[in-house]
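Chemist: Supplied in structure tokens, the structure appears directly below.
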Amino acid sequence: MTPLRLDPANTLPVDGTAGTLIGRAWVPGKVAGPSPIVLRGEDVFDLSEHFATLSDLLESLTPLEQVRSLPGRRLCSLESLLDNSGCAPDPARPFLLPPADLQVIKAAGVTFAASMIERVIEEQAGGDAGKAESVRQIVRAAIGDNLRAIKPGSEAAARLKALLVEQGLWSQYLEVGIGPDAEVFTKSPVLAAVGSGSEIGIHPRSQWNNPEPEVVLAVNSRGQVLGATLGNDVNLRDFEGRSALLLGKAKDNNASCAIGPFIRLFDERFSLDDVRQCVVELRVEGRDGYRLEGTSSMQQISRDPLELVAQTIGANHQYPDGFLLFLGTLFAPTEDRDQPGGGFTHKLGDKVSIGSPLLGSLHNRVNHSSQASPWTFGLRALIGNLAARGLLNGRLAPAPAAELVGD
């Protein structure tokens, strides 16, 4: 497949590097390995002399101040880094990695009313895309598609549940969509995500699947939200539609989690309120000339991002290395790609671009998960690599303790 070409114009936010953009890069040398980086103007700076991992940086008491005050080591130009990033980088030059290392990658599902209805339709259709349109008409006639006004866990939600149970239309997706407890699952193993320019993986047996463009929060072990990036929560609609117990196979395959291009830290130019106002844009371009565009507005989310964070971390569930949290998507494509009633599904070679003005753009190309680059660099490899580079030295210490008040 034709590699994707990354450059500052198709990657950076609308205000360029004016914000605080951090991430990870593979750094060549006597012992090559991954390092946390920060963008400054047109250049990329390696922060590994101060923080061995990106998690280590985000676990510090003042990440923003650390990033701004530490000199770091100039690695290369941003243009050079992006030009060498993607499916087949030159190992003798630095290249971009996904902005996550030791953090657990979590995802919140069914957080938007429109996509919630589509999950109910998947379930009723048993994962058969051919049955989806007829089921869609039945479900919408009974439920409607304007559930945004229903606050999850409220008395109004409980009354709606009682009505739908009586009609035989209650669903596990409605339970997490408007019930008191959010759906939060583990999207990907630690270190298994892919970054911008890489291939994303679709299980070869899947016949009905789609991208899920989402905002992703960067959260430390103390439950503090420090910044945001973009993600593609690649989803197999046929697998999950057959059974919710297949969620792991529907969501977690080789290269099925894309994150990037960089984490934008909260500062005087960017805050959680900007995340709440984000519009995420999606574009799919097929090798056959097919084109799909859509948007997902965070203003339509059913649960506030801080509520989702609180339902992820707390006295019952800790993340000592922090976590990244996908916030869900409004986007659930229903238009036909091929035959009438068949809906949308990916084809090999599709270029998927996910962007938001203040977060930049994430670009990937679709392949089968069995053909995408296999995941080989795990925790043992990382620890061994950091030791060989002399980057441990006791710096991977536990984060400062703090009381957690979430779930």
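The way I read the labels, and the way they are meant: chains A, B, ... in the order of the structure tokens, residue 1 as the first residue of every chain, and ligand 1 as the first ligand shown, with later ones counted on from there.
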Please report as CSV every residue of region 16-36 of chain A lying within 8 Å of region 252-262 of chain A, along with the nearest atom pair and their distance in Å (one decimal), using only C-alpha atoms.

Modeler:
```
residue,atom,partner,partner_atom,distance
A:Leu21,CA,A:Phe262,CA,5.9
A:Ile22,CA,A:Phe262,CA,5.6
A:Gly23,CA,A:Phe262,CA,5.0
```

Chemist: Write the residues of the selection above to a file with N, CA, C and O atoms, as an mmCIF file, in the first residue's frame.

Modeler:
```
data_model
loop_
_atom_site.group_PDB
_atom_site.id
_atom_site.type_symbol
_atom_site.label_atom_id
_atom_site.label_comp_id
_atom_site.auth_asym_id
_atom_site.auth_seq_id
_atom_site.Cartn_x
_atom_site.Cartn_y
_atom_site.Cartn_z
ATOM 1 N N LEU A 21 2.811 20.957 22.883
ATOM 2 C CA LEU A 21 2.615 19.666 22.221
ATOM 3 C C LEU A 21 3.737 18.714 22.612
ATOM 4 O O LEU A 21 4.919 18.991 22.360
ATOM 5 N N ILE A 22 3.352 17.589 23.213
ATOM 6 C CA ILE A 22 4.323 16.571 23.611
ATOM 7 C C ILE A 22 3.954 15.250 22.959
ATOM 8 O O ILE A 22 2.837 15.057 22.488
ATOM 9 N N GLY A 23 4.898 14.337 22.931
ATOM 10 C CA GLY A 23 4.636 13.031 22.343
ATOM 11 C C GLY A 23 5.806 12.106 22.552
ATOM 12 O O GLY A 23 6.547 12.215 23.531
#
```

Chemist: Run DSSP on the backbone and grab whatever in region 171-215 of chain A lands in strand (DSSP E); send it over as a PyMOL selection string.

Modeler: chain A and resi 183-188+199-202+209-210+213-215

Chemist: Could those selected residues go to a file with N, CA and C atoms, as an mmCIF file, in the first residue's frame?

Modeler:
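Result went into selection22.cif, see below:
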```
data_model
loop_
_atom_site.group_PDB
_atom_site.id
_atom_site.type_symbol
_atom_site.label_atom_id
_atom_site.label_comp_id
_atom_site.auth_asym_id
_atom_site.auth_seq_id
_atom_site.Cartn_x
_atom_site.Cartn_y
_atom_site.Cartn_z
ATOM 1 N N GLU A 183 -20.161 2.833 30.341
ATOM 2 C CA GLU A 183 -19.340 1.732 29.824
ATOM 3 C C GLU A 183 -17.907 2.236 29.706
ATOM 4 N N VAL A 184 -16.999 1.624 30.444
ATOM 5 C CA VAL A 184 -15.575 1.937 30.347
ATOM 6 C C VAL A 184 -14.830 0.616 30.210
ATOM 7 N N PHE A 185 -14.090 0.454 29.128
ATOM 8 C CA PHE A 185 -13.388 -0.809 28.881
ATOM 9 C C PHE A 185 -11.945 -0.528 28.501
ATOM 10 N N THR A 186 -11.133 -1.563 28.550
ATOM 11 C CA THR A 186 -9.737 -1.439 28.134
ATOM 12 C C THR A 186 -9.660 -1.633 26.624
ATOM 13 N N LYS A 187 -9.216 -0.598 25.946
ATOM 14 C CA LYS A 187 -9.182 -0.624 24.492
ATOM 15 C C LYS A 187 -7.977 -1.381 23.949
ATOM 16 N N SER A 188 -6.841 -1.232 24.598
ATOM 17 C CA SER A 188 -5.610 -1.767 24.021
ATOM 18 C C SER A 188 -4.609 -2.062 25.124
ATOM 19 N N GLU A 199 -0.424 1.903 9.714
ATOM 20 C CA GLU A 199 -1.626 1.185 9.311
ATOM 21 C C GLU A 199 -2.474 0.860 10.533
ATOM 22 N N ILE A 200 -3.797 0.875 10.351
ATOM 23 C CA ILE A 200 -4.713 0.395 11.372
ATOM 24 C C ILE A 200 -5.280 -0.946 10.929
ATOM 25 N N GLY A 201 -5.607 -1.791 11.912
ATOM 26 C CA GLY A 201 -5.955 -3.166 11.601
ATOM 27 C C GLY A 201 -7.429 -3.486 11.758
ATOM 28 N N ILE A 202 -7.989 -4.152 10.752
ATOM 29 C CA ILE A 202 -9.346 -4.699 10.764
ATOM 30 C C ILE A 202 -9.237 -6.218 10.739
ATOM 31 N N ASN A 209 -17.618 -2.923 9.621
ATOM 32 C CA ASN A 209 -16.753 -2.246 10.583
ATOM 33 C C ASN A 209 -16.659 -0.770 10.230
ATOM 34 N N ASN A 210 -16.148 0.015 11.143
ATOM 35 C CA ASN A 210 -16.014 1.450 10.865
ATOM 36 C C ASN A 210 -15.007 2.107 11.809
ATOM 37 N N PRO A 213 -13.930 8.191 15.372
ATOM 38 C CA PRO A 213 -13.081 9.351 15.667
ATOM 39 C C PRO A 213 -13.413 9.929 17.038
ATOM 40 N N GLU A 214 -12.413 10.040 17.894
ATOM 41 C CA GLU A 214 -12.683 10.436 19.269
ATOM 42 C C GLU A 214 -11.611 11.372 19.822
ATOM 43 N N VAL A 215 -12.018 12.175 20.796
ATOM 44 C CA VAL A 215 -11.073 12.901 21.633
ATOM 45 C C VAL A 215 -10.592 11.947 22.722
#
```

Chemist: Excluding same-chain residues fewer than 6 positions from region 4-19 of chain A, what lies within 7 Å of it counting only C-alpha atoms, as a PyMOL selection string?

Modeler: chain A and resi 39-41+79+82-83+86+197+261+264+269+357-362

Chemist: Using C-alpha atoms, can you export the residues from the last selection as a compact mmCIF listing (two decimals), in the first residue's frame?

Modeler:
```txt
# COMPACT_ATOMS: atom_id res chain seq x y z
CA LEU A 39 7.76 20.55 19.95
CA ARG A 40 9.34 24.01 20.06
CA GLY A 41 8.83 26.07 16.97
CA GLU A 79 9.41 18.34 9.19
CA LEU A 82 7.07 13.64 10.20
CA ASP A 83 8.61 12.90 6.81
CA GLY A 86 4.60 5.87 9.02
CA GLY A 197 1.02 7.46 9.54
CA PRO A 261 -0.39 12.91 16.59
CA ARG A 264 -1.75 18.96 23.75
CA ARG A 269 -4.24 28.61 25.27
CA PRO A 357 -8.62 22.39 14.90
CA LEU A 358 -6.85 22.59 18.27
CA LEU A 359 -5.53 19.00 18.27
CA GLY A 360 -4.24 18.55 14.73
CA SER A 361 -4.85 15.50 12.57
CA LEU A 362 -4.31 11.75 12.84
```

Chemist: Do a neighbour search on Val104 (chain A) at 7 Å with only C-alpha atoms, toss out local chain neighbours closer than 3 positions, and write the hits as a PDB file with C-alpha atoms, in the first residue's frame.

Modeler:
```
ATOM      1  CA  PRO A 189      -2.706  -3.313  25.939  1.00  0.00           C
ATOM      2  CA  VAL A 190       0.032  -1.005  27.189  1.00  0.00           C
ATOM      3  CA  GLY A 322      -1.842   7.043  34.397  1.00  0.00           C
ATOM      4  CA  PHE A 323      -4.192   6.308  31.528  1.00  0.00           C
ATOM      5  CA  LEU A 324      -5.547   7.622  28.247  1.00  0.00           C
TER       6      LEU A 324
END
```

Chemist: Rank A:Gln207, A:Ser373, A:Gln318, A:Asn364 by their smallest atom-to-atom distance to Gly343 (chain A), using only C-alpha atoms, and report the top residue only.

Modeler: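 Answer, going by the shortest atom-to-atom distance: A:Gln207.
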
Chemist: Quick one: DSSP alpha helix (DSSP H) residues in region 228-350 of chain A, as an MDAnalysis selection string?

Modeler: chainID A and resid 237:242 247:251 272:276 305:310

Chemist: Keeping only N, CA, C and O atoms, write those residues as a PDB file, in the first residue's frame.

Modeler:
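Final file, part07.pdb:
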```pdb
ATOM      1  N   ARG A 237     -18.385  -3.861  13.837  1.00  0.00           N
ATOM      2  CA  ARG A 237     -19.799  -3.814  14.193  1.00  0.00           C
ATOM      3  C   ARG A 237     -20.448  -5.196  14.129  1.00  0.00           C
ATOM      4  O   ARG A 237     -21.383  -5.491  14.877  1.00  0.00           O
ATOM      5  N   ASP A 238     -19.964  -6.041  13.225  1.00  0.00           N
ATOM      6  CA  ASP A 238     -20.569  -7.376  13.126  1.00  0.00           C
ATOM      7  C   ASP A 238     -20.198  -8.236  14.328  1.00  0.00           C
ATOM      8  O   ASP A 238     -21.047  -8.942  14.884  1.00  0.00           O
ATOM      9  N   PHE A 239     -18.957  -8.171  14.782  1.00  0.00           N
ATOM     10  CA  PHE A 239     -18.556  -8.976  15.933  1.00  0.00           C
ATOM     11  C   PHE A 239     -19.312  -8.554  17.185  1.00  0.00           C
ATOM     12  O   PHE A 239     -19.881  -9.381  17.900  1.00  0.00           O
ATOM     13  N   GLU A 240     -19.323  -7.243  17.464  1.00  0.00           N
ATOM     14  CA  GLU A 240     -19.994  -6.774  18.668  1.00  0.00           C
ATOM     15  C   GLU A 240     -21.501  -6.963  18.580  1.00  0.00           C
ATOM     16  O   GLU A 240     -22.162  -7.238  19.582  1.00  0.00           O
ATOM     17  N   GLY A 241     -22.057  -6.828  17.368  1.00  0.00           N
ATOM     18  CA  GLY A 241     -23.495  -7.000  17.198  1.00  0.00           C
ATOM     19  C   GLY A 241     -23.950  -8.425  17.462  1.00  0.00           C
ATOM     20  O   GLY A 241     -25.071  -8.651  17.922  1.00  0.00           O
ATOM     21  N   ARG A 242     -23.076  -9.393  17.185  1.00  0.00           N
ATOM     22  CA  ARG A 242     -23.426 -10.792  17.458  1.00  0.00           C
ATOM     23  C   ARG A 242     -23.544 -11.049  18.944  1.00  0.00           C
ATOM     24  O   ARG A 242     -24.426 -11.794  19.386  1.00  0.00           O
ATOM     25  N   LEU A 247     -16.877  -8.084  22.700  1.00  0.00           N
ATOM     26  CA  LEU A 247     -16.333  -6.733  22.672  1.00  0.00           C
ATOM     27  C   LEU A 247     -14.814  -6.738  22.547  1.00  0.00           C
ATOM     28  O   LEU A 247     -14.239  -5.937  21.813  1.00  0.00           O
ATOM     29  N   GLY A 248     -14.143  -7.653  23.268  1.00  0.00           N
ATOM     30  CA  GLY A 248     -12.689  -7.718  23.184  1.00  0.00           C
ATOM     31  C   GLY A 248     -12.220  -7.983  21.770  1.00  0.00           C
ATOM     32  O   GLY A 248     -11.283  -7.343  21.282  1.00  0.00           O
ATOM     33  N   LYS A 249     -12.868  -8.909  21.069  1.00  0.00           N
ATOM     34  CA  LYS A 249     -12.471  -9.214  19.694  1.00  0.00           C
ATOM     35  C   LYS A 249     -12.883  -8.101  18.741  1.00  0.00           C
ATOM     36  O   LYS A 249     -12.217  -7.854  17.729  1.00  0.00           O
ATOM     37  N   ALA A 250     -13.972  -7.406  19.061  1.00  0.00           N
ATOM     38  CA  ALA A 250     -14.425  -6.303  18.211  1.00  0.00           C
ATOM     39  C   ALA A 250     -13.521  -5.089  18.336  1.00  0.00           C
ATOM     40  O   ALA A 250     -13.376  -4.317  17.390  1.00  0.00           O
ATOM     41  N   LYS A 251     -12.908  -4.908  19.501  1.00  0.00           N
ATOM     42  CA  LYS A 251     -12.179  -3.674  19.774  1.00  0.00           C
ATOM     43  C   LYS A 251     -10.666  -3.826  19.823  1.00  0.00           C
ATOM     44  O   LYS A 251      -9.943  -2.873  19.550  1.00  0.00           O
ATOM     45  N   LEU A 272      -9.795  22.255  29.361  1.00  0.00           N
ATOM     46  CA  LEU A 272     -10.844  21.244  29.279  1.00  0.00           C
ATOM     47  C   LEU A 272     -12.110  21.823  28.651  1.00  0.00           C
ATOM     48  O   LEU A 272     -12.859  21.099  27.980  1.00  0.00           O
ATOM     49  N   ASP A 273     -12.364  23.093  28.843  1.00  0.00           N
ATOM     50  CA  ASP A 273     -13.525  23.714  28.197  1.00  0.00           C
ATOM     51  C   ASP A 273     -13.389  23.691  26.682  1.00  0.00           C
ATOM     52  O   ASP A 273     -14.387  23.566  25.962  1.00  0.00           O
ATOM     53  N   ASP A 274     -12.158  23.797  26.169  1.00  0.00           N
ATOM     54  CA  ASP A 274     -11.948  23.673  24.720  1.00  0.00           C
ATOM     55  C   ASP A 274     -12.262  22.254  24.268  1.00  0.00           C
ATOM     56  O   ASP A 274     -12.805  22.046  23.173  1.00  0.00           O
ATOM     57  N   VAL A 275     -11.916  21.270  25.088  1.00  0.00           N
ATOM     58  CA  VAL A 275     -12.264  19.884  24.772  1.00  0.00           C
ATOM     59  C   VAL A 275     -13.777  19.735  24.694  1.00  0.00           C
ATOM     60  O   VAL A 275     -14.308  19.078  23.783  1.00  0.00           O
ATOM     61  N   ARG A 276     -14.482  20.334  25.631  1.00  0.00           N
ATOM     62  CA  ARG A 276     -15.948  20.244  25.646  1.00  0.00           C
ATOM     63  C   ARG A 276     -16.570  20.865  24.408  1.00  0.00           C
ATOM     64  O   ARG A 276     -17.702  20.540  24.057  1.00  0.00           O
ATOM     65  N   PRO A 305     -16.894  14.959  30.289  1.00  0.00           N
ATOM     66  CA  PRO A 305     -15.614  14.246  30.351  1.00  0.00           C
ATOM     67  C   PRO A 305     -15.129  13.967  31.768  1.00  0.00           C
ATOM     68  O   PRO A 305     -14.595  12.886  32.042  1.00  0.00           O
ATOM     69  N   LEU A 306     -15.337  14.897  32.696  1.00  0.00           N
ATOM     70  CA  LEU A 306     -14.887  14.665  34.063  1.00  0.00           C
ATOM     71  C   LEU A 306     -15.684  13.554  34.743  1.00  0.00           C
ATOM     72  O   LEU A 306     -15.150  12.838  35.599  1.00  0.00           O
ATOM     73  N   GLU A 307     -16.963  13.399  34.378  1.00  0.00           N
ATOM     74  CA  GLU A 307     -17.733  12.283  34.920  1.00  0.00           C
ATOM     75  C   GLU A 307     -17.170  10.960  34.425  1.00  0.00           C
ATOM     76  O   GLU A 307     -17.067   9.984  35.180  1.00  0.00           O
ATOM     77  N   LEU A 308     -16.772  10.911  33.147  1.00  0.00           N
ATOM     78  CA  LEU A 308     -16.202   9.683  32.603  1.00  0.00           C
ATOM     79  C   LEU A 308     -14.863   9.367  33.267  1.00  0.00           C
ATOM     80  O   LEU A 308     -14.558   8.193  33.530  1.00  0.00           O
ATOM     81  N   VAL A 309     -14.074  10.388  33.541  1.00  0.00           N
ATOM     82  CA  VAL A 309     -12.814  10.172  34.257  1.00  0.00           C
ATOM     83  C   VAL A 309     -13.096   9.627  35.650  1.00  0.00           C
ATOM     84  O   VAL A 309     -12.458   8.671  36.107  1.00  0.00           O
ATOM     85  N   ALA A 310     -14.079  10.214  36.336  1.00  0.00           N
ATOM     86  CA  ALA A 310     -14.409   9.779  37.693  1.00  0.00           C
ATOM     87  C   ALA A 310     -14.952   8.365  37.728  1.00  0.00           C
ATOM     88  O   ALA A 310     -14.798   7.665  38.741  1.00  0.00           O
TER      89      ALA A 310
END
```

Chemist: Just the residues within 10 Å of Trp375 (chain A), please, counting only C-alpha atoms, with nothing from its chain fewer than 2 positions along; format it as a short mmCIF file (atom, residue, chain, number, x, y, z; two decimals) with C-alpha atoms, in the first residue's frame.

Modeler:
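Contents of around19.cif, freshly written:
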```cif
data_model
loop_
_atom_site.label_atom_id
_atom_site.label_comp_id
_atom_site.auth_asym_id
_atom_site.auth_seq_id
_atom_site.Cartn_x
_atom_site.Cartn_y
_atom_site.Cartn_z
CA LEU A 191 2.40 -0.07 24.32
CA ALA A 192 0.19 -1.68 21.64
CA ALA A 193 -1.29 1.49 20.09
CA VAL A 194 -0.13 2.83 16.73
CA ASN A 254 -3.37 -5.82 16.19
CA ALA A 255 -3.15 -2.12 15.17
CA ALA A 372 -0.32 -4.73 9.64
CA SER A 373 3.04 -4.51 11.39
CA PHE A 377 7.87 -3.95 21.51
CA GLY A 378 6.25 -4.71 24.87
#
```

Chemist: Just the residues within 8 Å of region 287-301 of chain A, please, counting only C-alpha atoms, with nothing from its chain fewer than 6 positions along; format it as a list in words.

Modeler: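 Residues near the query, excluding close chain neighbours: Thr111, Phe112, Ala113, Arg148, Pro213, Glu214, Val275, Arg276, Gln277, Cys278, Val279, Val280, Glu281, Thr329, Leu330, Phe331, Arg337, Gly349 and Asp350 of chain A.
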
Chemist: Restricting the calculation to only C-alpha atoms, which member of A:Ser198, A:Gln124, A:Thr2, A:Ser55 is positioned closest to Gly168 (chain A)?

Modeler: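 Of A:Ser198, A:Gln124, A:Thr2, A:Ser55, the one nearest Gly168 (chain A), counting only C-alpha atoms, is A:Gln124.
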
Chemist: Report, in Å to a single decimal, how far apart CA of Ser48 (chain A) and CA of Gln224 (chain A) are.

Modeler: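 Answer for the CA of Gln224 (chain A) to CA of Ser48 (chain A) separation: 22.6 Å.
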
Chemist: Restricting the calculation to only C-alpha atoms, which member of A:Glu133, A:Asp128, A:Asp46, A:Glu175 is positioned closest to Ser206 (chain A)?

Modeler: A:Asp128

Chemist: So what do you get for CA of Gly195 (chain A) versus CA of Leu96 (chain A), distance-wise?

Modeler: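 Separating CA of Gly195 (chain A) from CA of Leu96 (chain A) is a distance of 7.2 Å.
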
Chemist: Would you mind listing, for every residue of region 13-124 of chain A within 10 Å of region 227-235 of chain A, the two atoms forming the shortest contact and the distance between them in Å to one decimal, using only C-alpha atoms, sorted by chain and ascending residue number, as a tab-separated table?

Modeler:
```
residue	atom	partner	partner_atom	distance
A:Thr20	CA	A:Gly227	CA	9.3
A:Leu21	CA	A:Gly227	CA	9.4
A:Ile22	CA	A:Gly227	CA	9.8
A:Gly23	CA	A:Thr229	CA	9.9
A:Leu58	CA	A:Gly227	CA	9.7
A:Leu64	CA	A:Gly227	CA	9.9
A:Pro98	CA	A:Gly231	CA	9.9
A:Pro99	CA	A:Thr229	CA	8.4
A:Ala107	CA	A:Asp233	CA	8.0
A:Gly109	CA	A:Asp233	CA	9.8
```

Chemist: Which is closer to Ser134 (chain A) than all the others in A:Gly72, A:Ser80, A:Pro340, A:Leu160, using only C-alpha atoms?

Modeler: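 So, comparing all the options, the nearest one is A:Pro340.
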
Chemist: Would you please work out which residue, of A:Asp101, A:Glu285, A:Glu123, A:Asp267, is nearest to Leu379 (chain A) when using only C-alpha atoms?

Modeler: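 Using only C-alpha atoms, Leu379 (chain A) sits closest to A:Asp101.
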
Chemist: Measure the distance from CA of Cys87 (chain A) to CA of Pro3 (chain A) in Å and round it to one decimal.

Modeler: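 Here the two named atoms are 6.4 Å from each other.
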
Chemist: Which of these residues is nearest to Ala92 (chain A), using only C-alpha atoms: A:Trp26, A:Leu386, A:Gly179, A:Val225?

Modeler: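 Using only C-alpha atoms, Ala92 (chain A) sits closest to A:Trp26.
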